[in-house]
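Chemist: Before I ask anything, let me first share the structure, which is written out below as structure tokens.
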Amino acid sequence: MAKERRRAVLELLQRPGNERCADCGAPDPDWASYTLGVFICLSCSGIHRNIPQVSKVKSIRLDAWDEAQVEFMACHGNDASRAKFESKVPSFYYRPTLSDCQLLREQWIRAKYERQEFIYPEKQEPYSAGYREGFLWKRGRDNGQFLSRKFVLTEREGALKYFNRNDAKEPKAVMKIEHLNATFQPAKIGHPHGLQVTYLKDNSTRNIFIYHEDGKEIVDWFNALRAARFHYLQVAFPGASDADLVPKLSRNYLKEGYMEKTGPKQTEGFRKRWFTMDDRRLMYFKDPLDAFARGEVFIGSKESGYTVLRGLPPSTQGHHWPHGITIVTPDRKFLFACETESDQREWVAAFQKAVDRPMLPQEYAVEAHFKHKP
């Protein structure tokens, strides 16, 4: 009898919608919430366990199922759950996947089932009102200490601002929504709620690192920034569909890590630098948490004369790491060295992706303005 019930639950996995985790989309879910009627992956089941008043979980294969629970799962399932709990998700709201950090996945699950934000749109006010202010911990540019700073996001002014003192009349920085990006970086920042915000200052990328002790607060800030970007882009590109605009709201970096580089003359020694590949900008820093990049390299398309090559020119000297990469641009060659072959493979793949993608009209403008600091 118990075997039959377990088999009945396993058969439900074959139904359309149930073959992937209801919350992060991971394939072949092994767990289920028998109070919500959804099939979920091991990782998301751990988050469900933290909200026992809403969700109770079982292993599909290992736990015993009673008749009523099997019946409940049969009457619900992932598609029915989505229709209910995701019926009013705003277009701009970030829907995490299995590769996203724990915080984003946890807050998505809590927003759906615990707070029911996507059933009752009035609960979305913290990130959809067009204005938000509050205090966030911000890393000092020079001393690396995190200090409490007042932040104000205003869609009307198209900017995110922060102030060094509560009573300050003038903001310390004004970040235009037009050039703003935000991405969660818990490992790099050393806090599970760490958010990296980048913006353009004099056509160079400036980083700030922030967090809030409360996971909901920082994710609300993140989605408020995405909402502001969404509304800005709707005005800037009136004919564009939501599907066109949503991928432009925030970007995760294509790749980050250490490589060695040498200067434009390629005669000085190679130096170890932290590299971040953001769309077509390859930036390098002395330290991963530096405010400004030491330099930036624009990576255009093959049609515009950009090529990526494995290895270094035969005469190259001074690199400690064995696995070289050469990027050929219309102006010069950039030489890099990676510590391992797998690093080299991943970097080459990231560069190749950019080179293989035809350039958009606005990217030609970026290329023209690009100031490479040697």
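Ordering of the structure tokens sets the chain letters (A, B, ...); residue numbers start at 1 within each chain; ligands are numbered from 1 in the order shown.
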Give the strand (DSSP E) residues of segment 234-346 of chain A, as assigned by DSSP on the backbone, as a ChimeraX atom specification.

Modeler: /A:255-261,271-278,281-285,295-298,307-310,323-328,333-338

Chemist: Filtering to N, CA and C atoms, could you give me those residues as a tab-separated table (two decimals), in the first residue's frame?

Modeler:
chain	number	residue	atom	x	y	z
A	255	LYS	N	31.65	36.57	-16.04
A	255	LYS	CA	32.74	35.82	-15.41
A	255	LYS	C	33.55	36.78	-14.56
A	256	GLU	N	34.06	36.26	-13.43
A	256	GLU	CA	34.97	37.04	-12.58
A	256	GLU	C	36.09	36.13	-12.10
A	257	GLY	N	37.24	36.72	-11.80
A	257	GLY	CA	38.33	35.93	-11.23
A	257	GLY	C	39.67	36.58	-11.50
A	258	TYR	N	40.72	35.93	-11.00
A	258	TYR	CA	42.08	36.47	-11.18
A	258	TYR	C	42.69	35.99	-12.49
A	259	MET	N	43.38	36.92	-13.17
A	259	MET	CA	44.28	36.60	-14.28
A	259	MET	C	45.50	37.50	-14.12
A	260	GLU	N	46.55	37.17	-14.87
A	260	GLU	CA	47.69	38.10	-14.96
A	260	GLU	C	47.55	38.89	-16.24
A	261	LYS	N	48.06	40.13	-16.20
A	261	LYS	CA	48.04	40.96	-17.43
A	261	LYS	C	49.36	41.70	-17.53
A	271	ARG	N	51.16	41.28	-14.11
A	271	ARG	CA	50.69	41.49	-12.74
A	271	ARG	C	49.35	40.81	-12.54
A	272	LYS	N	49.17	40.25	-11.35
A	272	LYS	CA	47.92	39.58	-11.02
A	272	LYS	C	46.85	40.63	-10.73
A	273	ARG	N	45.71	40.51	-11.39
A	273	ARG	CA	44.61	41.46	-11.21
A	273	ARG	C	43.28	40.69	-11.13
A	274	TRP	N	42.30	41.31	-10.47
A	274	TRP	CA	40.94	40.75	-10.42
A	274	TRP	C	40.18	41.27	-11.63
A	275	PHE	N	39.60	40.37	-12.43
A	275	PHE	CA	38.89	40.75	-13.65
A	275	PHE	C	37.39	40.49	-13.51
A	276	THR	N	36.61	41.41	-14.05
A	276	THR	CA	35.15	41.27	-14.10
A	276	THR	C	34.70	41.50	-15.53
A	277	MET	N	33.96	40.55	-16.07
A	277	MET	CA	33.42	40.69	-17.42
A	277	MET	C	31.95	41.06	-17.30
A	278	ASP	N	31.64	42.30	-17.62
A	278	ASP	CA	30.27	42.81	-17.52
A	278	ASP	C	29.80	43.17	-18.93
A	281	ARG	N	32.23	44.91	-21.33
A	281	ARG	CA	33.32	45.58	-20.60
A	281	ARG	C	34.11	44.56	-19.80
A	282	LEU	N	35.39	44.46	-20.07
A	282	LEU	CA	36.28	43.66	-19.23
A	282	LEU	C	37.04	44.64	-18.34
A	283	MET	N	36.77	44.59	-17.03
A	283	MET	CA	37.40	45.54	-16.11
A	283	MET	C	38.41	44.80	-15.26
A	284	TYR	N	39.49	45.50	-14.89
A	284	TYR	CA	40.43	44.86	-13.97
A	284	TYR	C	40.72	45.76	-12.78
A	285	PHE	N	40.90	45.10	-11.64
A	285	PHE	CA	41.05	45.76	-10.34
A	285	PHE	C	42.24	45.17	-9.62
A	295	GLY	N	41.53	49.64	-15.11
A	295	GLY	CA	41.40	49.80	-16.56
A	295	GLY	C	40.22	49.00	-17.06
A	296	GLU	N	39.80	49.31	-18.27
A	296	GLU	CA	38.67	48.61	-18.87
A	296	GLU	C	39.00	48.34	-20.33
A	297	VAL	N	38.61	47.18	-20.79
A	297	VAL	CA	38.83	46.79	-22.19
A	297	VAL	C	37.45	46.54	-22.80
A	298	PHE	N	37.18	47.18	-23.92
A	298	PHE	CA	35.92	46.93	-24.62
A	298	PHE	C	36.12	45.74	-25.55
A	307	THR	N	39.14	39.52	-31.98
A	307	THR	CA	39.38	38.07	-32.01
A	307	THR	C	39.90	37.61	-30.65
A	308	VAL	N	39.56	36.39	-30.29
A	308	VAL	CA	40.09	35.79	-29.05
A	308	VAL	C	40.93	34.58	-29.44
A	309	LEU	N	42.16	34.53	-28.92
A	309	LEU	CA	43.05	33.42	-29.23
A	309	LEU	C	43.54	32.77	-27.95
A	310	ARG	N	43.61	31.44	-27.96
A	310	ARG	CA	44.24	30.72	-26.85
A	310	ARG	C	45.74	30.89	-26.98
A	323	HIS	N	48.72	29.51	-18.68
A	323	HIS	CA	47.68	29.36	-19.70
A	323	HIS	C	47.26	30.73	-20.25
A	324	GLY	N	47.81	31.06	-21.41
A	324	GLY	CA	47.64	32.41	-21.96
A	324	GLY	C	46.39	32.61	-22.79
A	325	ILE	N	45.99	33.88	-22.87
A	325	ILE	CA	44.88	34.29	-23.76
A	325	ILE	C	45.29	35.61	-24.41
A	326	THR	N	45.04	35.72	-25.70
A	326	THR	CA	45.29	36.98	-26.42
A	326	THR	C	43.97	37.50	-26.96
A	327	ILE	N	43.67	38.75	-26.66
A	327	ILE	CA	42.50	39.40	-27.27
A	327	ILE	C	43.03	40.43	-28.27
A	328	VAL	N	42.65	40.24	-29.52
A	328	VAL	CA	43.07	41.16	-30.57
A	328	VAL	C	41.94	42.16	-30.79
A	333	LYS	N	46.84	44.44	-29.07
A	333	LYS	CA	46.61	43.12	-28.48
A	333	LYS	C	46.65	43.24	-26.96
A	334	PHE	N	45.74	42.51	-26.30
A	334	PHE	CA	45.77	42.41	-24.84
A	334	PHE	C	46.17	41.00	-24.47
A	335	LEU	N	47.16	40.89	-23.57
A	335	LEU	CA	47.67	39.57	-23.19
A	335	LEU	C	47.32	39.26	-21.74
A	336	PHE	N	46.79	38.05	-21.52
A	336	PHE	CA	46.42	37.61	-20.17
A	336	PHE	C	46.96	36.21	-19.94
A	337	ALA	N	47.13	35.85	-18.66
A	337	ALA	CA	47.54	34.49	-18.33
A	337	ALA	C	46.68	33.97	-17.17
A	338	CYS	N	46.25	32.71	-17.29
A	338	CYS	CA	45.39	32.09	-16.28
A	338	CYS	C	46.18	31.01	-15.53

Chemist: Give me the residues near segment 15-25 of chain A as a PyMOL selection string, where near means some atom within 6 Å (using only C-alpha atoms) and where sequence neighbours in that chain fewer than 5 positions away do not count.

Modeler: chain A and resi 39-41+78-79+97-98

Chemist: Atom CA of Thr183 of chain A and atom CA of Leu225 of chain A, how far apart in Å?

Modeler: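 Separation of atom CA of Leu225 of chain A and atom CA of Thr183 of chain A: 10.7 Å.
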
Chemist: Have a look at A:Pro96, A:Gly37, A:Pro171, A:Pro192 and name the one nearest to Asn252 of chain A; count only C-alpha atoms.

Modeler: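 Looking at the shortest contact to Asn252 of chain A, the residue is A:Pro96.
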
Chemist: Determine the nearest neighbour of Phe85 of chain A from the options A:Ala173, A:Ile119, A:Ala224, A:Val54, counting only C-alpha atoms.

Modeler: A:Ile119

Chemist: Work out how far atom CA of Arg156 of chain A is from atom CA of Asp242 of chain A, in Å to one decimal.

Modeler: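 Taking atom CA of Asp242 of chain A as the start and atom CA of Arg156 of chain A as the end point, the length is 20.6 Å.
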
Chemist: Show which residues sit within 6 Å of Asn207 of chain A, as a VMD selection string. Count only C-alpha atoms, and ignore same-chain residues fewer than 2 positions away.

Modeler: chain A and resid 197 to 198 291

Chemist: Give me the residues within 12 Å of Ala111 of chain A as JSON, numbers by chain, counting only C-alpha atoms and dropping any in the same chain fewer than 6 places off.

Modeler: {"A": [23, 48, 51, 54, 85, 86, 88, 89, 93, 94, 95, 103, 104, 105, 117, 118, 119, 120, 121, 123, 124, 215, 216, 217, 219, 220]}

Chemist: Could you tell me, as a PDB file with C-alpha atoms, in the first residue's frame, which residues of segment 197-284 of chain A DSSP assigns to alpha helix (DSSP H) when given the backbone?

Modeler:
ATOM      1  CA  GLY A 215      17.093  39.816   3.806  1.00  0.00           C
ATOM      2  CA  LYS A 216      13.678  41.124   2.747  1.00  0.00           C
ATOM      3  CA  GLU A 217      14.904  44.742   2.910  1.00  0.00           C
ATOM      4  CA  ILE A 218      17.889  44.261   0.596  1.00  0.00           C
ATOM      5  CA  VAL A 219      15.863  42.182  -1.900  1.00  0.00           C
ATOM      6  CA  ASP A 220      13.169  44.916  -1.853  1.00  0.00           C
ATOM      7  CA  TRP A 221      15.920  47.464  -2.652  1.00  0.00           C
ATOM      8  CA  PHE A 222      17.144  45.240  -5.494  1.00  0.00           C
ATOM      9  CA  ASN A 223      13.653  44.933  -6.993  1.00  0.00           C
ATOM     10  CA  ALA A 224      12.988  48.660  -6.480  1.00  0.00           C
ATOM     11  CA  LEU A 225      16.140  49.375  -8.549  1.00  0.00           C
ATOM     12  CA  ARG A 226      14.896  46.964 -11.234  1.00  0.00           C
ATOM     13  CA  ALA A 227      11.467  48.666 -11.209  1.00  0.00           C
ATOM     14  CA  ALA A 228      13.116  52.082 -11.662  1.00  0.00           C
ATOM     15  CA  ARG A 229      15.219  50.746 -14.551  1.00  0.00           C
ATOM     16  CA  PHE A 230      12.105  49.158 -16.090  1.00  0.00           C
ATOM     17  CA  HIS A 231      10.132  52.411 -16.008  1.00  0.00           C
ATOM     18  CA  TYR A 232      13.111  54.384 -17.342  1.00  0.00           C
ATOM     19  CA  LEU A 233      13.528  51.935 -20.261  1.00  0.00           C
ATOM     20  CA  GLN A 234       9.782  51.976 -21.032  1.00  0.00           C
ATOM     21  CA  VAL A 235      10.099  55.720 -21.626  1.00  0.00           C
ATOM     22  CA  ALA A 236      13.420  55.448 -23.480  1.00  0.00           C
ATOM     23  CA  ASP A 242       8.313  43.810 -21.571  1.00  0.00           C
ATOM     24  CA  ALA A 243      10.121  40.699 -22.816  1.00  0.00           C
ATOM     25  CA  ASP A 244      12.672  42.957 -24.595  1.00  0.00           C
ATOM     26  CA  LEU A 245      13.224  45.157 -21.544  1.00  0.00           C
TER      27      LEU A 245
END

Chemist: For Gly263 of chain A, which of A:Arg294, A:Ser87, A:Val348, A:Pro27 is the closest residue, counting only C-alpha atoms?

Modeler: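 Ranking A:Arg294, A:Ser87, A:Val348, A:Pro27 by distance to Gly263 of chain A, first place goes to A:Arg294.
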
Chemist: Need to verify the contact set: segment 58-70 of chain A, 8 Å, only C-alpha atoms, exclusion of same-chain residues closer than 3 positions in sequence. Can you return it as a ChimeraX atom specification?

Modeler: /A:2,5-6,8-10,30-34,73-74

Chemist: Between atom CA of Asn166 of chain A and atom CA of Lys150 of chain A, measure the distance and give it in Å to one decimal.

Modeler: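 About the pair atom CA of Asn166 of chain A and atom CA of Lys150 of chain A: they are 6.6 Å apart.
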
Chemist: Which residues come within 6 Å of Ala159 of chain A, counting only C-alpha atoms, excluding same-chain residues fewer than 4 positions away, as a list of chain:residue names?

Modeler: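 Residues meeting the cut-off are A:Thr154, A:Met175, A:Lys176, A:Ile177.
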
Chemist: Write to file, as a PDB file, in the first residue's frame, the residues of the selection just made, with all heavy atoms.

Modeler:
ATOM      1  N   THR A 154      14.808  57.606  -6.257  1.00  0.00           N
ATOM      2  CA  THR A 154      13.672  58.375  -6.761  1.00  0.00           C
ATOM      3  C   THR A 154      13.554  58.233  -8.279  1.00  0.00           C
ATOM      4  O   THR A 154      14.456  58.630  -9.019  1.00  0.00           O
ATOM      5  CB  THR A 154      13.737  59.865  -6.321  1.00  0.00           C
ATOM      6  OG1 THR A 154      12.956  60.658  -7.207  1.00  0.00           O
ATOM      7  CG2 THR A 154      15.154  60.414  -6.339  1.00  0.00           C
ATOM      8  N   MET A 175      23.646  58.450  -8.558  1.00  0.00           N
ATOM      9  CA  MET A 175      23.832  57.397  -9.561  1.00  0.00           C
ATOM     10  C   MET A 175      22.624  57.383 -10.483  1.00  0.00           C
ATOM     11  O   MET A 175      21.510  57.148 -10.031  1.00  0.00           O
ATOM     12  CB  MET A 175      23.971  56.038  -8.860  1.00  0.00           C
ATOM     13  CG  MET A 175      25.118  55.993  -7.891  1.00  0.00           C
ATOM     14  SD  MET A 175      24.979  54.603  -6.720  1.00  0.00           S
ATOM     15  CE  MET A 175      24.827  55.499  -5.183  1.00  0.00           C
ATOM     16  N   LYS A 176      22.854  57.662 -11.734  1.00  0.00           N
ATOM     17  CA  LYS A 176      21.752  57.716 -12.697  1.00  0.00           C
ATOM     18  C   LYS A 176      21.205  56.314 -12.963  1.00  0.00           C
ATOM     19  O   LYS A 176      21.971  55.385 -13.252  1.00  0.00           O
ATOM     20  CB  LYS A 176      22.234  58.340 -14.017  1.00  0.00           C
ATOM     21  CG  LYS A 176      22.438  59.841 -13.933  1.00  0.00           C
ATOM     22  CD  LYS A 176      21.108  60.527 -13.935  1.00  0.00           C
ATOM     23  CE  LYS A 176      21.177  62.025 -13.753  1.00  0.00           C
ATOM     24  NZ  LYS A 176      19.920  62.541 -13.202  1.00  0.00           N
ATOM     25  N   ILE A 177      19.889  56.180 -12.895  1.00  0.00           N
ATOM     26  CA  ILE A 177      19.213  54.898 -13.156  1.00  0.00           C
ATOM     27  C   ILE A 177      19.616  54.348 -14.532  1.00  0.00           C
ATOM     28  O   ILE A 177      19.758  53.146 -14.724  1.00  0.00           O
ATOM     29  CB  ILE A 177      17.670  55.098 -13.104  1.00  0.00           C
ATOM     30  CG1 ILE A 177      17.221  55.485 -11.685  1.00  0.00           C
ATOM     31  CG2 ILE A 177      16.923  53.875 -13.608  1.00  0.00           C
ATOM     32  CD1 ILE A 177      17.451  54.440 -10.641  1.00  0.00           C
TER      33      ILE A 177
END
